[in-house]
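Raw contents of entry-v1.txt, compact mmCIF, C-alpha atoms:
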# COMPACT_ATOMS: atom_id res chain seq x y z
CA MET A 1016 154.38 -19.95 -5.84
CA ALA A 1017 154.90 -16.67 -4.00
CA GLU A 1018 157.97 -16.51 -1.76
CA ARG A 1019 157.40 -16.55 1.98
CA LYS A 1020 157.17 -13.13 3.58
CA LEU A 1021 160.01 -12.32 5.97
CA LYS A 1022 160.07 -11.14 9.56
CA ILE A 1023 162.63 -8.34 9.78
CA ALA A 1024 163.96 -6.46 12.81
CA MET A 1025 165.96 -3.24 12.46
CA PHE A 1026 167.95 -1.18 14.95
CA GLY A 1027 170.82 1.31 15.01
CA HIS A 1028 168.75 4.36 14.11
CA LYS A 1029 167.58 6.89 16.71
CA ARG A 1030 163.90 6.95 15.91
CA MET A 1031 161.66 6.07 12.98
CA PRO A 1032 160.12 8.13 11.44
CA SER A 1033 162.66 10.94 11.83
CA ARG A 1034 165.10 13.11 9.90
CA GLU A 1035 167.64 13.31 12.72
CA GLY A 1036 170.26 11.92 10.35
CA GLY A 1037 170.78 9.98 7.15
CA ILE A 1038 170.43 6.62 8.89
CA GLU A 1039 166.93 7.51 10.05
CA ILE A 1040 165.89 8.40 6.49
CA VAL A 1041 167.28 5.11 5.17
CA VAL A 1042 165.54 3.03 7.84
CA LYS A 1043 162.24 4.78 7.13
CA GLU A 1044 162.47 4.17 3.37
CA LEU A 1045 163.51 0.52 3.72
CA ALA A 1046 161.14 -0.43 6.52
CA THR A 1047 158.00 1.18 5.11
CA ARG A 1048 158.59 -0.13 1.60
CA MET A 1049 159.26 -3.65 2.91
CA ALA A 1050 156.09 -3.51 5.02
CA LYS A 1051 154.11 -2.38 1.98
CA ARG A 1052 155.29 -5.53 0.20
CA GLY A 1053 153.84 -7.66 2.99
CA HIS A 1054 156.93 -8.31 5.10
CA ARG A 1055 156.61 -7.97 8.89
CA VAL A 1056 159.02 -5.26 10.01
CA ILE A 1057 159.92 -4.13 13.51
CA CYS A 1058 161.98 -0.98 14.17
CA TYR A 1059 163.48 -0.56 17.62
CA ASN A 1060 163.41 3.13 18.55
CA ARG A 1061 165.50 4.84 21.18
CA LYS A 1062 163.64 6.40 24.06
CA GLY A 1063 164.43 10.04 24.69
CA HIS A 1064 164.31 13.26 22.75
CA HIS A 1065 165.10 14.42 19.20
CA VAL A 1066 168.75 15.53 18.92
CA SER A 1067 167.69 19.01 17.76
CA GLY A 1068 165.28 19.66 20.63
CA ASN A 1069 162.13 18.44 22.35
CA GLU A 1070 159.94 20.45 19.99
CA TYR A 1071 160.73 17.98 17.20
CA ASP A 1072 159.66 14.90 19.17
CA GLU A 1073 156.92 12.90 17.44
CA ASN A 1074 154.55 10.32 18.86
CA VAL A 1075 153.18 8.23 16.01
CA GLY A 1076 151.99 5.33 18.14
CA GLN A 1077 152.86 1.65 17.90
CA TYR A 1078 152.76 1.45 14.11
CA TYR A 1079 153.93 3.68 11.26
CA LYS A 1080 152.85 2.76 7.72
CA GLY A 1081 152.67 -0.90 8.64
CA VAL A 1082 155.96 -0.97 10.58
CA LYS A 1083 155.80 -1.95 14.25
CA LEU A 1084 157.67 0.51 16.48
CA ILE A 1085 159.12 -0.72 19.77
CA PRO A 1086 160.80 1.81 22.09
CA VAL A 1087 163.72 0.28 23.99
CA TRP A 1088 165.56 1.11 27.20
CA THR A 1089 167.98 3.98 26.62
CA VAL A 1090 170.34 5.95 28.86
CA GLU A 1091 169.92 9.41 27.38
CA LYS A 1092 173.48 10.66 27.78
CA ARG A 1093 176.11 11.37 25.17
CA GLY A 1094 178.05 8.22 24.36
CA LEU A 1095 175.56 5.97 26.14
CA ALA A 1096 172.31 6.40 24.21
CA ALA A 1097 173.43 4.44 21.14
CA ALA A 1098 175.11 1.65 23.13
CA THR A 1099 172.27 1.08 25.61
CA SER A 1100 169.48 1.24 23.05
CA SER A 1101 171.39 -1.12 20.76
CA LEU A 1102 171.94 -3.58 23.60
CA SER A 1103 168.23 -3.49 24.46
CA ALA A 1104 167.22 -3.91 20.82
CA ALA A 1105 169.69 -6.74 20.22
CA VAL A 1106 168.40 -8.74 23.19
CA HIS A 1107 164.77 -8.19 22.20
CA ALA A 1108 165.50 -9.14 18.57
CA ALA A 1109 167.37 -12.26 19.66
CA PHE A 1110 164.28 -13.54 21.46
CA SER A 1111 161.86 -12.42 18.75
CA SER A 1112 160.54 -14.42 15.80
CA ALA A 1113 162.57 -12.32 13.32
CA ASP A 1114 164.20 -14.15 10.42
CA VAL A 1115 166.65 -11.30 9.82
CA VAL A 1116 168.14 -8.71 12.16
CA HIS A 1117 169.34 -5.70 10.18
CA ILE A 1118 171.70 -3.45 12.14
CA HIS A 1119 172.48 0.05 10.92
CA ALA A 1120 175.87 1.74 11.61
CA GLU A 1121 179.13 0.62 13.14
CA GLY A 1122 178.49 1.45 16.80
CA PRO A 1123 175.27 -0.59 17.05
CA ALA A 1124 177.04 -3.44 15.21
CA ALA A 1125 178.96 -4.04 18.46
CA MET A 1126 175.87 -6.00 19.52
CA CYS A 1127 175.58 -8.23 16.45
CA LEU A 1128 176.84 -11.32 18.27
CA ILE A 1129 173.72 -11.35 20.49
CA PRO A 1130 171.16 -12.09 17.73
CA LYS A 1131 173.77 -14.26 16.00
CA LEU A 1132 173.95 -16.53 19.06
CA ALA A 1133 170.17 -16.85 18.79
CA ARG A 1134 170.69 -18.16 15.24
CA LYS A 1135 169.27 -15.10 13.54
CA LYS A 1136 170.57 -14.00 10.17
CA VAL A 1137 172.46 -10.78 10.85
CA VAL A 1138 172.95 -8.07 8.22
CA VAL A 1139 174.90 -4.89 9.00
CA THR A 1140 174.82 -1.73 6.92
CA ILE A 1141 177.95 0.42 7.23
CA HIS A 1142 176.67 3.95 6.66
CA GLY A 1143 180.19 5.36 6.99
CA LEU A 1144 183.42 4.86 8.94
CA ASP A 1145 181.93 6.48 12.01
CA TRP A 1146 185.00 6.07 14.24
CA GLN A 1147 186.68 8.75 12.11
CA ARG A 1148 184.13 11.43 13.02
CA ALA A 1149 185.54 14.42 14.85
CA LYS A 1150 182.81 14.62 17.49
CA TRP A 1151 183.78 11.30 19.07
CA GLY A 1152 186.51 11.14 21.69
CA GLY A 1153 189.05 8.36 22.12
CA ALA A 1154 186.87 5.92 24.08
CA ALA A 1155 183.83 6.39 21.83
CA SER A 1156 185.92 6.06 18.69
CA LYS A 1157 187.44 2.81 19.98
CA TYR A 1158 183.98 1.45 20.78
CA ILE A 1159 182.72 2.25 17.27
CA ARG A 1160 185.81 0.61 15.77
CA PHE A 1161 185.03 -2.43 17.96
CA GLY A 1162 181.57 -2.48 16.39
CA GLU A 1163 183.15 -2.47 12.94
CA LYS A 1164 185.27 -5.49 13.86
CA GLN A 1165 182.29 -7.31 15.33
CA ALA A 1166 180.44 -6.85 12.07
CA VAL A 1167 183.40 -8.29 10.18
CA ARG A 1168 183.51 -11.33 12.46
CA HIS A 1169 179.85 -12.09 13.03
CA ALA A 1170 177.57 -10.52 10.41
CA ASP A 1171 176.30 -12.88 7.72
CA LYS A 1172 176.36 -10.01 5.23
CA ILE A 1173 177.73 -6.47 5.31
CA ILE A 1174 176.19 -3.76 3.13
CA VAL A 1175 178.27 -0.71 2.19
CA LEU A 1176 177.08 2.46 0.50
CA SER A 1177 180.22 3.41 -1.44
CA ARG A 1178 182.95 1.69 -3.43
CA SER A 1179 185.64 3.36 -1.31
CA VAL A 1180 184.27 1.80 1.90
CA GLN A 1181 183.96 -1.53 0.10
CA GLU A 1182 187.65 -1.33 -0.76
CA TYR A 1183 188.48 -0.36 2.84
CA PHE A 1184 186.91 -3.57 4.19
CA ARG A 1185 188.68 -5.62 1.54
CA GLN A 1186 192.09 -4.11 2.34
CA GLU A 1187 191.72 -3.82 6.12
CA TYR A 1188 190.04 -7.15 6.88
CA GLY A 1189 189.96 -9.21 3.70
CA ARG A 1190 186.17 -9.15 4.08
CA GLU A 1191 183.91 -8.98 1.05
CA THR A 1192 180.90 -6.71 1.32
CA VAL A 1193 177.82 -5.99 -0.77
CA TYR A 1194 177.50 -2.58 -2.43
CA ILE A 1195 173.93 -1.28 -2.21
CA PRO A 1196 173.83 2.54 -2.32
CA ASN A 1197 170.95 4.62 -0.97
CA GLY A 1198 168.06 5.79 -3.10
CA VAL A 1199 166.18 9.03 -3.63
CA ARG A 1200 162.59 9.82 -4.51
CA LYS A 1201 161.38 12.37 -7.05
CA PRO A 1202 160.15 15.43 -5.13
CA GLU A 1203 157.72 18.20 -6.02
CA ALA A 1204 159.24 21.68 -6.05
CA ARG A 1205 157.68 24.32 -3.79
CA GLU A 1206 157.58 28.07 -4.23
CA ALA A 1207 159.22 30.20 -1.57
CA GLU A 1208 156.57 31.05 1.03
CA LEU A 1209 157.53 30.10 4.58
CA ILE A 1210 161.23 30.75 3.98
CA THR A 1211 160.36 34.23 2.74
CA GLU A 1212 158.28 34.89 5.84
CA LYS A 1213 160.94 33.56 8.20
CA TRP A 1214 164.20 34.76 6.66
CA GLY A 1215 163.36 36.87 3.60
CA LEU A 1216 164.64 34.19 1.22
CA LYS A 1217 163.45 34.11 -2.38
CA LYS A 1218 164.17 31.99 -5.44
CA ASP A 1219 167.93 31.93 -6.23
CA SER A 1220 168.74 34.43 -3.46
CA TYR A 1221 170.92 32.10 -1.38
CA TYR A 1222 173.46 29.30 -1.29
CA LEU A 1223 172.49 26.36 0.91
CA PHE A 1224 174.24 23.92 3.20
CA LEU A 1225 171.87 21.38 4.75
CA GLY A 1226 172.95 18.68 7.17
CA ARG A 1227 174.08 18.03 10.72
CA ILE A 1228 176.24 20.84 12.11
CA VAL A 1229 179.34 18.77 12.87
CA PRO A 1230 183.03 19.45 12.08
CA GLU A 1231 183.46 16.68 9.49
CA LYS A 1232 180.86 18.32 7.24
CA GLY A 1233 183.43 21.01 6.38
CA ILE A 1234 181.15 23.91 7.33
CA ARG A 1235 184.08 25.85 8.77
CA TYR A 1236 185.66 25.91 5.29
CA LEU A 1237 182.41 27.17 3.83
CA VAL A 1238 182.05 29.99 6.35
CA GLU A 1239 185.69 31.03 5.79
CA ALA A 1240 185.30 30.95 2.00
CA TRP A 1241 182.04 32.90 2.12
CA LYS A 1242 183.76 35.91 3.71
CA ASP A 1243 185.57 36.59 0.42
CA VAL A 1244 182.70 35.95 -2.01
CA GLN A 1245 181.43 39.19 -3.55
CA THR A 1246 177.66 38.70 -3.76
CA ASP A 1247 174.33 40.03 -2.59
CA LYS A 1248 173.14 36.47 -1.95
CA LYS A 1249 172.92 34.89 1.50
CA LEU A 1250 174.53 31.72 2.80
CA VAL A 1251 171.96 29.53 4.56
CA ILE A 1252 173.20 26.87 6.99
CA ALA A 1253 170.30 24.58 7.81
CA GLY A 1254 170.60 21.79 10.32
CA GLY A 1255 170.71 20.92 13.99
CA SER A 1256 173.68 20.16 16.19
CA SER A 1257 174.52 16.63 17.23
CA ASP A 1258 176.27 16.96 20.62
CA THR A 1259 178.17 19.85 18.97
CA ASP A 1260 176.68 23.05 20.44
CA THR A 1261 180.14 24.53 21.02
CA PHE A 1262 180.98 24.08 17.34
CA VAL A 1263 177.74 25.77 16.31
CA ASP A 1264 178.57 28.74 18.55
CA GLU A 1265 182.02 28.92 16.96
CA LEU A 1266 180.54 29.02 13.46
CA ARG A 1267 178.09 31.76 14.44
CA SER A 1268 180.92 33.87 15.83
CA MET A 1269 182.84 33.52 12.54
CA SER A 1270 179.86 34.48 10.36
CA GLY A 1271 178.70 37.86 9.14
CA GLU A 1272 175.20 39.21 8.66
CA ASN A 1273 174.85 37.52 5.27
CA VAL A 1274 174.91 34.05 6.89
CA ILE A 1275 171.63 32.63 8.19
CA PHE A 1276 171.48 29.71 10.63
CA THR A 1277 168.00 28.19 10.46
CA GLY A 1278 168.41 25.31 12.90
CA PHE A 1279 166.90 21.90 12.19
CA GLN A 1280 164.19 21.97 9.51
CA GLN A 1281 161.75 19.47 8.06
CA GLY A 1282 158.47 19.36 6.17
CA GLN A 1283 157.46 22.30 4.00
CA VAL A 1284 160.32 24.56 5.10
CA LEU A 1285 162.87 21.91 4.14
CA GLU A 1286 161.20 21.39 0.76
CA GLU A 1287 161.19 25.14 0.11
CA LEU A 1288 164.88 25.43 1.01
CA TYR A 1289 165.80 22.69 -1.48
CA SER A 1290 163.44 24.03 -4.16
CA ASN A 1291 164.64 27.64 -4.23
CA THR A 1292 168.37 27.60 -3.57
CA TYR A 1293 170.77 29.01 -6.15
CA VAL A 1294 173.53 26.51 -5.29
CA TYR A 1295 173.76 23.67 -2.79
CA VAL A 1296 177.16 23.18 -1.10
CA LEU A 1297 178.49 20.08 0.68
CA PRO A 1298 182.17 20.66 1.61
CA SER A 1299 182.60 17.51 3.74
CA ASP A 1300 185.79 15.90 4.93
CA LEU A 1301 183.98 12.66 5.68
CA GLU A 1302 180.74 11.07 4.44
CA GLY A 1303 179.09 7.68 4.19
CA MET A 1304 176.70 8.27 1.33
CA PRO A 1305 175.31 11.81 1.65
CA LEU A 1306 171.52 11.63 1.41
CA SER A 1307 171.24 15.42 1.54
CA LEU A 1308 173.28 15.56 -1.67
CA LEU A 1309 170.98 13.06 -3.38
CA GLU A 1310 168.01 15.10 -2.24
CA ALA A 1311 169.52 18.39 -3.39
CA MET A 1312 170.20 16.97 -6.84
CA SER A 1313 166.73 15.42 -7.02
CA TYR A 1314 165.32 18.95 -6.75
CA GLY A 1315 167.39 19.91 -9.80
CA ASN A 1316 170.06 21.92 -8.03
CA CYS A 1317 173.54 22.95 -9.04
CA CYS A 1318 175.74 21.34 -6.38
CA VAL A 1319 179.27 21.99 -5.12
CA VAL A 1320 181.00 19.12 -3.34
CA SER A 1321 184.43 18.29 -1.96
CA ASP A 1322 186.45 15.73 -3.88
CA ILE A 1323 186.11 12.90 -1.35
CA PRO A 1324 185.28 9.59 -3.07
CA GLU A 1325 181.87 9.30 -1.41
CA CYS A 1326 180.73 12.58 -3.02
CA VAL A 1327 182.44 12.22 -6.39
CA GLU A 1328 181.00 8.72 -6.77
CA VAL A 1329 177.50 10.18 -6.40
CA VAL A 1330 177.75 13.24 -8.64
CA GLU A 1331 180.16 11.99 -11.35
CA ASP A 1332 180.42 14.99 -13.73
CA LYS A 1333 177.02 16.48 -12.85
CA ALA A 1334 178.27 18.82 -10.09
CA VAL A 1335 181.17 21.18 -9.33
CA VAL A 1336 184.01 19.58 -7.36
CA PHE A 1337 186.74 21.31 -5.32
CA PRO A 1338 189.71 19.90 -3.33
CA LYS A 1339 188.69 18.92 0.19
CA GLY A 1340 189.59 21.54 2.79
CA ASN A 1341 190.90 24.06 0.23
CA VAL A 1342 189.22 27.32 1.27
CA GLU A 1343 190.82 29.33 -1.54
CA LYS A 1344 189.54 26.97 -4.25
CA LEU A 1345 186.11 26.87 -2.64
CA THR A 1346 185.97 30.66 -2.65
CA ARG A 1347 186.82 30.72 -6.36
CA VAL A 1348 184.14 28.14 -7.17
CA LEU A 1349 181.44 29.99 -5.23
CA GLN A 1350 182.41 33.28 -6.88
CA GLN A 1351 182.47 31.73 -10.35
CA LEU A 1352 178.97 30.34 -9.91
CA ASN A 1353 177.73 33.64 -8.56
CA ASP A 1354 179.07 35.44 -11.64
CA ASP A 1355 177.88 32.87 -14.18
CA PRO A 1356 174.14 32.06 -13.84
CA ASP A 1357 174.22 30.25 -17.19
CA LEU A 1358 176.71 27.74 -15.80
CA VAL A 1359 174.48 27.19 -12.78
CA SER A 1360 171.51 26.64 -15.09
CA ARG A 1361 173.39 24.02 -17.10
CA TYR A 1362 174.09 21.98 -13.96
CA LYS A 1363 170.48 22.37 -12.83
CA THR A 1364 169.19 21.10 -16.16
CA THR A 1365 170.84 17.69 -15.80
CA ALA A 1366 170.94 17.07 -12.03
CA ALA A 1367 167.47 15.72 -11.23
CA ARG A 1368 167.05 13.29 -14.10
CA PHE A 1369 170.57 11.93 -13.59
CA ILE A 1370 170.26 11.29 -9.85
CA ILE A 1371 166.73 9.85 -9.89
CA ARG A 1372 167.64 7.35 -12.60
CA LYS A 1373 170.87 6.38 -10.84
CA TYR A 1374 169.52 5.90 -7.30
CA ASN A 1375 166.08 4.31 -6.87
CA TRP A 1376 164.63 3.18 -3.53
CA ASP A 1377 162.66 0.31 -5.06
CA ASP A 1378 165.89 -1.09 -6.51
CA VAL A 1379 167.52 -0.76 -3.08
CA VAL A 1380 164.68 -2.71 -1.46
CA ASP A 1381 164.83 -5.43 -4.16
CA LYS A 1382 168.56 -5.93 -3.59
CA THR A 1383 168.26 -5.86 0.20
CA ILE A 1384 165.45 -8.43 0.28
CA ALA A 1385 167.45 -10.65 -2.08
CA LEU A 1386 170.39 -10.36 0.32
CA TYR A 1387 168.18 -11.37 3.26
CA ARG A 1388 167.09 -14.48 1.37
CA GLY A 1389 170.53 -15.35 0.01

As structure tokens, what does this structure read like?
Amino acid sequence: MAERKLKIAMFGHKRMPSREGGIEIVVKELATRMAKRGHRVICYNRKGHHVSGNEYDENVGQYYKGVKLIPVWTVEKRGLAAATSSLSAAVHAAFSSADVVHIHAEGPAAMCLIPKLARKKVVVTIHGLDWQRAKWGGAASKYIRFGEKQAVRHADKIIVLSRSVQEYFRQEYGRETVYIPNGVRKPEAREAELITEKWGLKKDSYYLFLGRIVPEKGIRYLVEAWKDVQTDKKLVIAGGSSDTDTFVDELRSMSGENVIFTGFQQGQVLEELYSNTYVYVLPSDLEGMPLSLLEAMSYGNCCVVSDIPECVEVVEDKAVVFPKGNVEKLTRVLQQLNDDPDLVSRYKTTAARFIIRKYNWDDVVDKTIALYRG
């Protein structure tokens, strides 16, 4: 006999579908794949505008690939958007027919008691220790930490994306969690067309950073290191700010003419950037589980990452690792790769097959559904 299909509510993301951040990508992959399997899935979307500008706003209607989209009341101000939309979503989910309420991220988890009081099964995914992020001030950081503690107290299950965060919850709270890392899909490579028209970029003519332009991504180290790399290649920094416009201006002022800031990108341009880069660089101080790194490797790229556990756990020995925050070592690595194309080719040869076999979205959905039922 076939198992009963579940009614699942999700919140904690900004909007679905969207690439505003890693959480949005995860919610899209989980929700659409669950809906395709016959489960009834609701995603509660924030009202308001895309973090990288109104021009990226999308209106896909009430449904997206079988997932019901419900916009909820949101105060569109920094520090209030996440809290107010999560409160609205939690109340709506509590009075819905959902079997499971799946909350994404620590801040939104502050509301997990609301659906719990309505006798819903509550699952929280910790995408990273968000209270550590540099962009949050004291009050916001304390609120996010409060959300973490609420998850520990009230969630039926907690999902973590890395072994290091799993150990953190064990040591800090004595709380066991379930390790279910993110997945990645096999992409199709694209030739350089739009990126050549826009910025003059061609195959293997640039190094790439792609992600949110926030301090904890280590972009300042990358810009500093790049000044001393002897190369005719460009450094491309692709991504939008996230309440960090001052930081973006600071990076621009530090950068020379061989650094290109593209702003937020998606669709064909994003695919071309991944497909044609010489080296992908992620010099982060802090990560949850970096989806951009999984994507970069899935395109068969040579990757350079900082030695934080969340990155090293992903790449194992299939990428180049440097000590976090060490600008001198990063400079040496970038120069070495510039001077040794054969070394770059060896990393490219193994990256895609390794990462696609290791991280599979269908496996993630299987494990998450099993957790809902457990």

Atom CA of A:Tyr1293 to atom CA of A:Gly1036, distance in Å rounded to a single decimal: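 Separation of atom CA of A:Tyr1293 and atom CA of A:Gly1036: 23.8 Å.
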
Could you check how far atom CA of A:Val1042 sits from atom CA of A:Lys1135, in Å to one decimal? 19.4 Å

So, counting all atoms listed in the file, which residue among A:Val1056, A:Val1251, A:Leu1209, A:Val1199 is closest to A:Ser1313?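 Under the stated criterion, the closest residue is A:Val1199.
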
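The interatomic distance for the pair atom CA of A:Asp1114 and atom CA of A:Arg1055 works out to 9.9 Å.
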
Measuring atom to atom with all atoms listed in the file, identify which of A:Val1193, A:Gly1215, A:Val1175, A:Ala1124 is nearest to A:Tyr1158.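 With all atoms listed in the file as the atom set, the closest residue is A:Ala1124.
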
Within 9 Å of stretch 1351-1353 of chain A using only C-alpha atoms, minus same-chain residues under 3 positions, as a list in words: Val1244, Gln1245, Thr1246, Lys1248, Tyr1293, Val1294, Thr1346, Arg1347, Val1348, Pro1356, Asp1357, Leu1358 and Val1359 of chain A

Selected residues written out with C-alpha atoms, as a PDB file, in the frame of the given file:
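File produced: out.pdb:
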ATOM      1  CA  VAL A1244     182.700  35.950  -2.010  1.00  0.00           C
ATOM      2  CA  GLN A1245     181.430  39.190  -3.550  1.00  0.00           C
ATOM      3  CA  THR A1246     177.660  38.700  -3.760  1.00  0.00           C
ATOM      4  CA  LYS A1248     173.140  36.470  -1.950  1.00  0.00           C
ATOM      5  CA  TYR A1293     170.770  29.010  -6.150  1.00  0.00           C
ATOM      6  CA  VAL A1294     173.530  26.510  -5.290  1.00  0.00           C
ATOM      7  CA  THR A1346     185.970  30.660  -2.650  1.00  0.00           C
ATOM      8  CA  ARG A1347     186.820  30.720  -6.360  1.00  0.00           C
ATOM      9  CA  VAL A1348     184.140  28.140  -7.170  1.00  0.00           C
ATOM     10  CA  PRO A1356     174.140  32.060 -13.840  1.00  0.00           C
ATOM     11  CA  ASP A1357     174.220  30.250 -17.190  1.00  0.00           C
ATOM     12  CA  LEU A1358     176.710  27.740 -15.800  1.00  0.00           C
ATOM     13  CA  VAL A1359     174.480  27.190 -12.780  1.00  0.00           C
TER      14      VAL A1359
END

Nearest-residue call for A:Gly1282, choices A:Ala1366, A:Ala1120, A:Ile1210, A:Val1137, using all atoms listed in the file: A:Ile1210

Using only C-alpha atoms - which residues lie no farther than 12 Å from the point (182.8, 18.5, -9.5) in the file's frame? Write them as a ChimeraX atom specification. /A:1296-1298,1317-1324,1326-1339,1345,1348,1362

Determine the nearest neighbour of A:Ala1113 from the options A:Arg1178, A:Lys1029, A:Lys1131, A:Arg1235, counting only C-alpha atoms. A:Lys1131

Selection: 9 Å around stretch 1275-1280 of chain A, all atoms listed in the file, excl. self and same-chain fewer than 3 positions, as a VMD selection string: chain A and resid 1034 to 1035 1067 to 1068 1071 1214 1225 to 1227 1249 to 1256 1267 1270 to 1272 1283 to 1285
